[in-house]
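*Asks:* This is input_36.cif (mmCIF, C-alpha atoms and all ligand atoms).
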data_input
loop_
_atom_site.label_atom_id
_atom_site.label_comp_id
_atom_site.auth_asym_id
_atom_site.auth_seq_id
_atom_site.Cartn_x
_atom_site.Cartn_y
_atom_site.Cartn_z
CA MET A 1 9.59 18.51 -13.13
CA ALA A 2 12.74 17.15 -11.51
CA THR A 3 15.96 17.71 -13.43
CA LYS A 4 18.15 14.79 -14.52
CA ALA A 5 20.66 15.75 -11.82
CA GLN A 6 17.92 15.61 -9.15
CA VAL A 7 16.77 12.19 -10.37
CA LEU A 8 20.31 10.81 -10.25
CA LYS A 9 20.96 12.41 -6.86
CA ALA A 10 17.88 10.68 -5.47
CA ARG A 11 19.52 7.39 -6.41
CA GLU A 12 22.79 8.00 -4.60
CA PRO A 13 22.87 6.48 -1.11
CA ARG A 14 21.92 9.01 1.55
CA SER A 15 24.38 9.61 4.36
CA ALA A 16 23.94 7.32 7.37
CA GLY A 17 23.25 10.36 9.59
CA LYS A 18 20.45 11.72 7.41
CA SER A 19 18.99 8.24 6.98
CA LEU A 20 18.98 7.78 10.76
CA LEU A 21 17.26 11.11 11.23
CA LEU A 22 14.57 10.14 8.70
CA THR A 23 14.15 6.78 10.48
CA LEU A 24 13.72 8.37 13.92
CA PRO A 25 9.93 9.00 13.64
CA ILE A 26 9.43 5.38 12.55
CA ALA A 27 11.55 4.05 15.43
CA LEU A 28 9.55 6.18 17.90
CA TRP A 29 6.25 5.03 16.37
CA SER A 30 7.39 1.39 16.69
CA MET A 31 8.24 1.89 20.36
CA LEU A 32 4.87 3.51 20.96
CA MET A 33 3.06 0.62 19.27
CA PHE A 34 4.90 -1.94 21.41
CA THR A 35 4.66 -0.17 24.78
CA GLY A 36 2.08 -2.71 25.93
CA TRP A 37 4.35 -5.63 25.03
CA PHE A 38 6.99 -4.44 27.52
CA ARG A 39 4.45 -4.31 30.34
CA GLN A 40 3.87 -8.05 29.96
CA PRO A 41 5.65 -10.28 32.47
CA ASN A 42 6.26 -12.77 29.64
CA ARG A 43 9.94 -12.62 28.62
CA SER A 44 9.29 -14.07 25.14
CA GLN A 45 6.84 -11.26 24.38
CA GLN A 46 9.32 -8.60 25.52
CA ILE A 47 12.07 -10.07 23.32
CA ALA A 48 9.70 -10.45 20.34
CA GLY A 49 8.54 -6.82 20.71
CA SER A 50 12.15 -5.56 20.83
CA VAL A 51 13.20 -7.65 17.81
CA THR A 52 10.21 -6.37 15.81
CA ILE A 53 11.00 -2.72 16.62
CA VAL A 54 14.63 -3.17 15.54
CA PHE A 55 13.64 -5.19 12.44
CA MET A 56 11.11 -2.64 11.19
CA SER A 57 13.41 0.29 11.94
CA ILE A 58 16.39 -1.28 10.13
CA LEU A 59 14.27 -1.99 7.03
CA PHE A 60 13.04 1.60 6.98
CA PHE A 61 16.59 2.86 7.49
CA MET A 62 17.71 0.83 4.46
CA MET A 63 14.85 2.27 2.40
CA MET A 64 16.11 5.72 3.38
CA ARG A 65 19.78 4.94 2.83
CA THR A 66 19.25 3.43 -0.62
CA TRP A 67 16.79 4.44 -3.30
CA SER A 68 15.31 0.98 -3.21
CA THR A 69 11.88 0.33 -1.71
CA TYR A 70 10.86 -3.06 -3.00
CA ARG A 71 13.41 -5.46 -1.55
CA TRP A 72 13.31 -3.98 1.99
CA ARG A 73 9.51 -3.94 1.99
CA ARG A 74 9.64 -7.53 0.79
CA GLY A 75 11.72 -8.45 3.87
CA PHE A 76 8.89 -7.24 6.09
CA PHE A 77 6.16 -8.73 3.94
CA VAL A 78 7.68 -12.21 3.71
CA ALA A 79 8.32 -12.23 7.47
CA LEU A 80 4.67 -11.26 7.99
CA GLY A 81 3.46 -14.01 5.63
CA LEU A 82 5.56 -16.68 7.34
CA LEU A 83 5.03 -15.65 10.96
CA PHE A 84 1.27 -15.11 10.76
CA PRO A 85 0.43 -18.82 10.35
CA ILE A 86 2.88 -19.76 13.11
CA GLY A 87 1.25 -17.45 15.68
CA PHE A 88 -2.30 -18.10 14.45
CA ILE A 89 -2.10 -21.90 14.26
CA HIS A 90 -0.45 -22.01 17.68
CA ASN A 91 -3.32 -19.95 19.18
CA VAL A 92 -6.02 -21.98 17.42
CA ILE A 93 -4.57 -25.27 18.59
CA ALA A 94 -4.01 -23.94 22.14
CA MET A 95 -7.68 -22.86 22.37
CA ARG A 96 -9.41 -25.53 20.32
CA GLY A 97 -6.97 -28.39 20.02
CA THR A 98 -7.21 -28.46 16.21
CA MET A 99 -7.01 -26.25 13.09
CA GLY A 100 -10.39 -27.62 11.97
CA ILE A 101 -13.31 -25.57 13.26
CA PRO A 102 -16.31 -27.76 14.21
CA ILE A 103 -19.64 -26.66 12.72
CA GLU A 104 -21.12 -26.03 16.22
CA GLU A 105 -18.35 -23.52 16.96
CA MET A 106 -19.00 -21.84 13.64
CA ILE A 107 -22.78 -21.58 14.21
CA ALA A 108 -22.07 -20.13 17.66
CA GLY A 109 -19.99 -17.43 15.95
CA ARG A 110 -16.77 -18.42 17.68
CA THR A 111 -14.61 -17.96 14.61
CA PRO A 112 -12.12 -15.15 14.00
CA PHE A 113 -12.90 -12.68 11.24
CA CYS A 114 -10.27 -11.76 8.67
CA TYR A 115 -10.67 -9.01 6.07
CA LEU A 116 -11.04 -11.26 2.99
CA PRO A 117 -14.85 -11.66 3.24
CA ILE A 118 -15.48 -7.88 3.62
CA PRO A 119 -16.56 -7.36 -0.05
CA MET A 120 -18.91 -10.34 0.23
CA LEU A 121 -20.71 -8.84 3.25
CA ILE A 122 -21.71 -5.53 1.70
CA LEU A 123 -24.64 -6.54 -0.59
CA PRO A 124 -26.41 -8.86 1.87
CA ALA A 125 -25.95 -6.24 4.61
CA ALA A 126 -27.37 -3.48 2.40
CA LEU A 127 -30.29 -5.51 0.99
CA TYR A 128 -31.28 -7.73 3.90
CA LYS A 129 -29.53 -6.21 6.94
CA THR A 130 -27.80 -9.58 7.35
CA VAL A 131 -24.15 -10.30 8.03
CA VAL A 132 -23.28 -13.47 6.10
CA PHE A 133 -20.43 -14.49 8.40
CA PRO A 134 -20.81 -16.55 11.56
CA GLY A 135 -18.71 -14.31 13.80
CA SER A 136 -19.49 -11.63 16.35
CA ILE A 137 -19.78 -8.01 15.30
CA LEU A 138 -18.54 -6.61 18.62
CA PRO A 139 -15.51 -7.79 20.66
CA ARG A 140 -16.16 -11.06 22.50
CA GLY A 141 -12.69 -12.30 23.35
CA GLY A 142 -11.75 -15.93 22.76
CA MET A 143 -11.41 -17.10 19.16
CA SER A 144 -13.71 -14.40 17.77
CA GLY A 145 -11.27 -11.85 19.21
CA GLY A 146 -11.94 -8.19 18.50
CA GLY A 147 -15.06 -8.87 16.40
CA MET A 148 -15.89 -7.84 12.85
CA ALA A 149 -16.43 -4.17 13.64
CA ALA A 150 -12.81 -3.75 14.80
CA MET A 151 -11.41 -5.49 11.69
CA VAL A 152 -13.63 -3.44 9.36
CA ALA A 153 -12.56 -0.21 11.13
CA ILE A 154 -8.85 -1.15 10.79
CA TRP A 155 -9.35 -2.08 7.13
CA LEU A 156 -11.17 1.19 6.39
CA ALA A 157 -8.57 3.39 8.10
CA ILE A 158 -5.66 1.71 6.29
CA THR A 159 -7.47 1.63 2.95
CA ILE A 160 -8.28 5.36 3.04
CA VAL A 161 -4.57 6.11 3.41
CA VAL A 162 -2.85 3.59 1.10
CA GLY A 163 -5.64 2.23 -1.14
CA LYS A 164 -4.51 -1.02 -2.71
CA GLY A 165 -1.21 -0.53 -0.94
CA TRP A 166 -2.98 -2.77 1.62
CA CYS A 167 -1.84 -5.70 -0.53
CA SER A 168 1.85 -4.80 -0.07
CA TYR A 169 1.95 -3.39 3.47
CA ALA A 170 -0.91 -4.92 5.46
CA CYS A 171 -2.11 -8.25 4.01
CA PHE A 172 -0.88 -11.08 6.23
CA PHE A 173 -1.30 -13.68 3.49
CA GLY A 174 0.53 -12.30 0.43
CA GLY A 175 4.04 -12.68 1.88
CA ILE A 176 4.21 -16.43 1.36
CA GLU A 177 3.79 -16.19 -2.40
CA GLU A 178 6.01 -13.11 -2.59
CA GLY A 179 8.71 -15.17 -0.86
CA MET A 180 8.16 -18.03 -3.32
CA ALA A 181 8.34 -15.63 -6.28
CA ALA A 182 11.69 -14.37 -4.99
CA VAL A 183 13.29 -17.84 -4.97
CA PRO A 184 14.12 -18.36 -8.69
CA LYS A 185 16.54 -16.00 -10.44
CA THR A 186 14.49 -15.94 -13.62
CA ALA A 187 10.93 -16.89 -14.52
CA LYS A 188 10.49 -20.25 -16.29
CA LEU A 189 7.02 -19.25 -17.42
CA ARG A 190 7.18 -15.84 -19.08
CA LYS A 191 4.21 -15.70 -21.40
CA ILE A 192 1.09 -15.16 -19.34
CA ASP A 193 -2.20 -14.42 -21.06
CA PRO A 194 -3.13 -10.86 -19.99
CA ARG A 195 -6.76 -11.92 -19.68
CA TRP A 196 -5.81 -13.64 -16.38
CA ARG A 197 -5.90 -10.12 -14.92
CA TYR A 198 -9.71 -10.36 -14.98
CA GLY A 199 -9.57 -13.47 -12.74
CA PRO A 200 -9.92 -11.61 -9.40
CA TRP A 201 -12.90 -9.63 -10.74
CA ALA A 202 -14.62 -12.82 -11.93
CA VAL A 203 -14.04 -14.52 -8.56
CA LEU A 204 -15.26 -11.38 -6.75
CA LEU A 205 -18.48 -11.20 -8.79
CA ALA A 206 -19.17 -14.92 -8.40
CA MET A 207 -18.52 -14.88 -4.65
CA VAL A 208 -20.61 -11.75 -4.01
CA LEU A 209 -23.58 -13.28 -5.87
CA LEU A 210 -23.14 -16.69 -4.22
CA SER A 211 -22.89 -15.17 -0.75
CA LEU A 212 -26.06 -13.22 -1.47
CA ALA A 213 -27.90 -16.30 -2.75
CA LEU A 214 -26.73 -18.73 -0.06
CA PHE A 215 -26.42 -16.37 2.90
CA GLU A 216 -23.05 -17.78 3.76
CA PRO A 217 -19.45 -16.66 3.20
CA ALA A 218 -19.02 -18.73 0.03
CA TYR A 219 -15.36 -17.74 -0.50
CA CYS A 220 -14.36 -18.75 3.05
CA LEU A 221 -16.20 -22.07 2.75
CA TRP A 222 -15.02 -23.08 -0.70
CA LEU A 223 -12.18 -21.12 -2.26
CA CYS A 224 -9.82 -19.43 0.22
CA PRO A 225 -6.33 -20.89 -0.39
CA PHE A 226 -5.16 -19.57 3.00
CA LYS A 227 -7.46 -21.92 4.89
CA ALA A 228 -4.61 -24.35 4.29
CA VAL A 229 -2.44 -22.33 6.72
CA SER A 230 -5.01 -20.95 9.16
CA GLU A 231 -8.22 -22.77 10.06
CA TYR A 232 -10.65 -24.81 8.00
CA VAL A 233 -13.99 -26.53 8.32
CA ALA A 234 -13.51 -29.73 10.34
CA ALA A 235 -13.65 -32.54 7.75
CA ARG A 236 -16.31 -34.79 9.28
CA ASN A 237 -17.94 -35.79 5.99
CA THR A 238 -17.36 -35.85 2.22
CA VAL A 239 -18.29 -32.17 1.81
CA GLY A 240 -15.69 -31.19 4.41
CA LEU A 241 -13.07 -33.35 2.72
CA VAL A 242 -13.83 -31.75 -0.67
CA GLN A 243 -13.61 -28.25 0.84
CA ASN A 244 -10.25 -28.94 2.43
CA GLY A 245 -9.00 -30.60 -0.77
CA ILE A 246 -9.86 -27.41 -2.69
CA PHE A 247 -8.08 -25.20 -0.12
CA ILE A 248 -4.91 -27.28 -0.28
CA ALA A 249 -4.93 -27.56 -4.09
CA LEU A 250 -5.43 -23.79 -4.53
CA PHE A 251 -2.74 -23.01 -1.97
CA ALA A 252 -0.25 -25.38 -3.60
CA ALA A 253 -0.95 -24.09 -7.12
CA LEU A 254 -1.40 -20.32 -6.59
CA VAL A 255 0.79 -19.64 -3.58
CA ILE A 256 3.65 -22.11 -4.03
CA VAL A 257 4.06 -23.59 -7.53
CA LEU A 258 2.99 -20.77 -9.89
CA PRO A 259 4.97 -18.02 -8.09
CA LEU A 260 8.04 -20.27 -8.39
CA PHE A 261 7.54 -20.61 -12.15
CA THR A 262 6.38 -17.08 -13.00
CA LYS A 263 8.05 -14.86 -10.35
CA LYS A 264 4.62 -13.23 -10.01
CA ARG A 265 2.23 -13.03 -7.08
CA THR A 266 -0.20 -15.30 -8.88
CA GLN A 267 -2.82 -15.65 -6.13
CA CYS A 268 -2.98 -11.85 -5.73
CA ALA A 269 -2.84 -11.05 -9.44
CA PHE A 270 -5.15 -13.71 -10.88
CA PHE A 271 -7.46 -14.94 -8.12
CA CYS A 272 -7.89 -12.86 -4.95
CA PRO A 273 -11.36 -11.22 -4.87
CA PHE A 274 -10.35 -8.98 -1.97
CA GLY A 275 -7.46 -7.63 -4.10
CA ALA A 276 -9.91 -6.78 -6.90
CA PHE A 277 -12.12 -4.98 -4.38
CA GLN A 278 -9.11 -3.06 -3.01
CA SER A 279 -8.30 -1.87 -6.56
CA LEU A 280 -11.39 0.35 -6.37
CA PHE A 281 -9.79 2.27 -3.50
CA ASN A 282 -6.73 3.16 -5.56
CA LYS A 283 -9.03 5.81 -6.99
CA THR A 284 -9.51 7.39 -3.54
CA SER A 285 -5.94 7.15 -2.18
CA VAL A 286 -3.76 10.25 -2.57
CA PHE A 287 -0.69 8.12 -3.31
CA GLU A 288 -0.15 6.56 -6.73
CA VAL A 289 2.53 5.34 -9.14
CA LYS A 290 3.03 7.39 -12.31
CA ILE A 291 5.29 7.31 -15.34
CA ASP A 292 7.00 10.55 -16.32
CA LYS A 293 6.37 10.34 -20.08
CA THR A 294 9.06 12.91 -20.85
CA ARG A 295 11.73 10.66 -19.37
CA CYS A 296 10.38 7.20 -20.37
CA THR A 297 12.21 5.51 -23.29
CA PRO A 298 10.05 3.08 -23.11
CA CYS A 299 12.15 0.02 -22.31
CA VAL A 300 9.31 -1.79 -20.41
CA LEU A 301 11.67 -2.97 -17.64
CA CYS A 302 9.07 -1.68 -15.19
CA GLN A 303 6.40 -3.81 -16.82
CA LYS A 304 8.58 -6.93 -16.57
CA SER A 305 9.35 -6.30 -12.91
CA CYS A 306 5.74 -5.83 -11.81
CA PRO A 307 4.67 -8.84 -9.72
CA THR A 308 0.98 -8.34 -10.50
CA MET A 309 1.04 -7.31 -14.17
CA ALA A 310 -0.29 -3.86 -13.28
CA LEU A 311 1.61 -2.18 -16.12
CA THR A 312 1.00 -2.58 -19.85
CA GLU A 313 2.58 -0.88 -22.85
CA GLU A 314 -0.62 1.16 -23.17
CA SER A 315 -0.66 2.21 -19.51
CA ILE A 316 3.04 3.17 -19.69
CA ALA A 317 2.28 5.29 -22.75
CA LYS A 318 -0.52 6.95 -20.79
CA GLY A 319 1.87 7.56 -17.89
CA GLU A 320 0.12 5.45 -15.26
CA ALA A 321 -0.23 2.04 -13.66
CA LEU A 322 -3.47 0.04 -13.87
CA MET A 323 -5.86 0.29 -10.95
CA SER A 324 -4.59 -3.11 -9.71
CA CYS A 325 -1.23 -1.51 -8.74
CA MET A 326 -0.47 -2.40 -5.13
CA LYS A 327 2.30 0.19 -4.65
CA CYS A 328 5.07 -2.32 -4.01
CA GLY A 329 7.67 -0.09 -5.69
CA ALA A 330 9.26 -2.80 -7.89
CA CYS A 331 8.71 -0.83 -11.12
CA ILE A 332 10.13 2.36 -9.63
CA ASP A 333 13.25 0.56 -8.43
CA ALA A 334 13.64 -1.14 -11.83
CA CYS A 335 13.34 1.97 -14.01
CA PRO A 336 16.80 3.01 -15.22
CA LYS A 337 15.62 6.49 -16.23
CA GLY A 338 13.90 7.57 -13.03
CA ALA A 339 10.69 7.81 -15.08
CA ALA A 340 8.56 5.53 -12.88
CA VAL A 341 7.83 7.60 -9.79
CA TRP A 342 5.82 7.86 -6.60
CA HIS A 343 3.23 10.58 -6.96
CA ILE A 344 0.83 12.52 -4.77
CA ARG A 345 -2.48 13.12 -6.50
CA GLY A 346 -3.02 16.71 -7.48
CA THR A 347 0.69 17.57 -7.78
CA GLU A 348 2.81 17.80 -10.90
CA VAL A 349 4.15 14.37 -12.00
CA ALA A 350 7.80 13.89 -11.00
CA ALA A 351 7.94 17.38 -9.44
CA ASN A 352 9.63 15.90 -6.36
CA PRO A 353 9.38 12.09 -6.52
CA GLU A 354 11.58 11.48 -3.48
CA ARG A 355 9.34 13.69 -1.33
CA ALA A 356 6.29 11.77 -2.59
CA ARG A 357 8.10 8.49 -1.82
CA LEU A 358 8.95 9.65 1.70
CA MET A 359 5.38 10.73 2.43
CA PHE A 360 3.98 7.46 1.11
CA LEU A 361 6.52 5.35 3.00
CA TYR A 362 5.88 7.12 6.31
CA ALA A 363 2.16 6.40 5.93
CA ALA A 364 2.60 2.83 4.65
CA TRP A 365 5.29 1.90 7.19
CA ALA A 366 3.25 3.31 10.08
CA VAL A 367 0.45 0.99 8.92
CA ALA A 368 2.86 -1.91 8.49
CA ILE A 369 4.15 -1.53 12.07
CA MET A 370 0.74 -1.02 13.65
CA PHE A 371 -0.99 -3.94 11.92
CA GLY A 372 1.70 -6.30 10.63
CA GLY A 373 4.25 -5.58 13.38
CA SER A 374 2.07 -7.07 16.11
CA ILE A 375 1.47 -10.17 13.95
CA ILE A 376 5.21 -10.58 13.38
CA ALA A 377 5.84 -10.19 17.10
CA GLN A 378 3.10 -12.73 17.88
CA GLY A 379 4.72 -15.29 15.58
CA LEU A 380 8.13 -14.61 17.10
CA THR A 381 6.70 -15.01 20.61
CA THR A 382 5.36 -18.44 19.62
CA ILE A 383 8.79 -19.49 18.37
CA LEU A 384 10.57 -18.04 21.41
CA HIS A 385 8.27 -19.95 23.77
CA VAL A 386 10.06 -23.06 22.60
CA PHE A 387 13.47 -21.70 23.61
CA VAL A 388 12.91 -19.18 26.46
S1 LIG B 401 2.84 -1.02 -11.06
FE1 LIG B 401 4.75 -0.85 -9.88
S2 LIG B 401 4.14 -0.40 -7.78
FE2 LIG B 401 2.32 -1.11 -8.89
S3 LIG B 401 2.22 -3.30 -8.42
FE3 LIG B 401 3.37 -3.08 -10.36
S4 LIG B 401 5.52 -2.97 -9.73
FE4 LIG B 401 4.30 -2.63 -7.88
S1 LIG B 402 11.37 1.18 -16.91
FE1 LIG B 402 11.24 3.43 -16.92
S2 LIG B 402 11.97 4.03 -18.94
FE2 LIG B 402 11.51 1.85 -19.07
S3 LIG B 402 9.36 1.80 -19.77
FE3 LIG B 402 9.26 1.75 -17.54
S4 LIG B 402 9.05 3.92 -16.94
FE4 LIG B 402 9.74 3.89 -19.10
#
Please render this file's structure as structure tokens.
Ligand code: SF4
Ligand code: SF4

*Replies:*
Amino acid sequence: MATKAQVLKAREPRSAGKSLLLTLPIALWSMLMFTGWFRQPNRSQQIAGSVTIVFMSILFFMMMRTWSTYRWRRGFFVALGLLFPIGFIHNVIAMRGTMGIPIEEMIAGRTPFCYLPIPMLILPAALYKTVVFPGSILPRGGMSGGGMAAMVAIWLAITIVVGKGWCSYACFFGGIEEGMAAVPKTAKLRKIDPRWRYGPWAVLLAMVLLSLALFEPAYCLWLCPFKAVSEYVAARNTVGLVQNGIFIALFAALVIVLPLFTKKRTQCAFFCPFGAFQSLFNKTSVFEVKIDKTRCTPCVLCQKSCPTMALTEESIAKGEALMSCMKCGACIDACPKGAAVWHIRGTEVAANPERARLMFLYAAWAVAIMFGGSIIAQGLTTILHVFV
């Protein structure tokens, strides 16, 4: 177990030189990931690639220099959440002329595949060898892009490493509500019924069964709040209008209004079926968040800071976060005793929390650059096209 002196030392700012040295592998990884961007003749792409490399490296440097993880990660995550729709909507409109996908295009499978429907595909695929999504499995170019197989492979690789950390380092939707939750200084709505935590599981179960019964991606067609900022079914009749009305209402309530009132990621914590599904993989990831019971007072500051209500008094007493923990680091940063710690499964709790933090952050930031970095750069390119 780390001594009190070691815990306090881990909270003192590192020297700039040591922080730079620790950032070097990340800076090199960023440059490697963006090599292709510099071969493009397009000046906007070159600038966007350079800005993204510098941005991601500075954030990592700050995570090394300070003991704080959450606020620097949030900088990346909010940028990802805001720039994804800009790049995506621009591409959709350039190729199709509208954000609304006509039914013929959908039937022809010319629709891009995001990771949210993955849990809804598994049962129909296992029982009936059917993929209940109108996209292409292999790369086809155009709107269907790299195909489902590529997205599933990316999801699997990232999930094996970070588990539900996907929801803090890879999801290109969660940043909008995290940004909204950061706006108010204090929460206006503090008392939230803990039973809302079961919301994502209920939505997941309902959507898996509906997708199986209807042979269609029920969540994408009826409940995804992010259709409001990506693409939606072209509203040619009453059904289409109702679908789009639901998307907009859910987006406004769960992604904008409730995060402003609660300071929580309400869509992620109380609704997202993909998030519930990802929770299962927290059991397979080697990285986790633990509470060192010998050091915990328990003041519950960690519980209050958690944006997804993944800590309870009972879980703190047991020394762990709930399986819905998305490894954002807010609780660890908030703990005044150094009792909330990063942990590598199979090692002694709090034996060397800073080493566990470093190992997790290298893995998570490599993922963030590889997957989210290109999305950030794409959004920046779209903006730069206007000026360059
Ligand atoms: S338990 Fe800690 S790391 Fe996990 S989601 Fe809550 S604040 Fe983030
Ligand atoms: S903030 Fe730290 S000391 Fe307080 S309850 Fe959480 S782990 Fe324990």

*Asks:* Excluding segment 163-173 of chain A and its own-chain neighbours fewer than 5 positions away, which residues fall within 6 Å of it when counting all atoms listed in the file? Please give them as an MDAnalysis selection string.

*Replies:* chainID A and resid 80:81 278:279 281:282 285 326:328 368 372

*Asks:* Which residues form the shell of 9 Å around ligand LIG 402 (chain B) when you count all atoms listed in the file, given as an NGL selection string?

*Replies:* :A and (290-293 or 295-305 or 311 or 313 or 316-317 or 319 or 331-341)

*Asks:* Please report the interatomic distance between atom CA of Met99 of chain A and atom CA of Glu177 of chain A in Å with one decimal.

*Replies:*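 For atom CA of Met99 of chain A relative to atom CA of Glu177 of chain A, the distance reads 21.4 Å.
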
*Asks:* What lies within 10 Å of Cys224 of chain A using only C-alpha atoms, ignoring chain neighbours under 2 positions off, as a ChimeraX atom specification?

*Replies:* /A:116-117,218-222,226-228,232,243-244,246-248,250-251,271-273

*Asks:* Using the file's own x, y and z axes, so that the box edges lie along x, y and z, what centre and edge lengths in Å (one decimal) does a box around every listed atom of segment 284-289 of chain A get when 3 Å is added on each side? Give it as JSON.

*Replies:*
{"center_x": -3.5, "center_y": 7.8, "center_z": -5.7, "size_x": 18.0, "size_y": 10.9, "size_z": 13.0}

*Asks:* Can you tell me, as a count of residues only, what residues are no more than 9 Å from His385 of chain A when counting all atoms listed in the file, ignoring any on the same chain fewer than 6 positions away?

*Replies:* 3

*Asks:* Atom CA of Val229 of chain A and atom CA of Ala249 of chain A, how far apart in Å?

*Replies:* 12.3 Å

*Asks:* Enter the distance from atom CA of Ala276 of chain A to atom CA of Val255 of chain A, in Å, rounded to one decimal.

*Replies:*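 Going from atom CA of Ala276 of chain A over to atom CA of Val255 of chain A, I get 17.1 Å.
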
*Asks:* From the options A:Ser315, A:Ser30, A:Thr35, A:Thr382, which residue's atoms come nearest to ligand LIG 401 (chain B), counting all atoms listed in the file?

*Replies:*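 Selected residue with least distance to ligand LIG 401 (chain B): A:Ser315.
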
*Asks:* Might you pull out every residue within 12 Å of Thr69 of chain A, with all atoms listed in the file counted and same-chain residues fewer than 4 positions away left off, and present them as a count of residues only?

*Replies:* 31

*Asks:* Give the answer as one residue: which of A:Leu83, A:Met120, A:Leu258, A:Cys306 has the shortest atom-to-atom distance to ligand LIG 401 (chain B), using all atoms listed in the file?

*Replies:*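 Checking each of A:Leu83, A:Met120, A:Leu258, A:Cys306 against ligand LIG 401 (chain B), counting all atoms listed in the file, the winner is A:Cys306.
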
*Asks:* Name the residues within 12 Å of (23.4, 8.8, 8.1), counting all atoms listed in the file in the file's coordinates, and put them as a ChimeraX atom specification.

*Replies:* /A:13-24,61-62,64-66

*Asks:* Using only C-alpha atoms, can you tell me which of A:Ala321, A:Val208, A:Val162, A:Ala182 comes closest to Met359 of chain A?

*Replies:* A:Val162

*Asks:* Restricting the calculation to all atoms listed in the file, which member of A:Glu178, A:Glu216, A:Val242, A:Phe38 is positioned closest to Val78 of chain A?

*Replies:*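 Of the candidates, the smallest distance to Val78 of chain A is held by A:Glu178.
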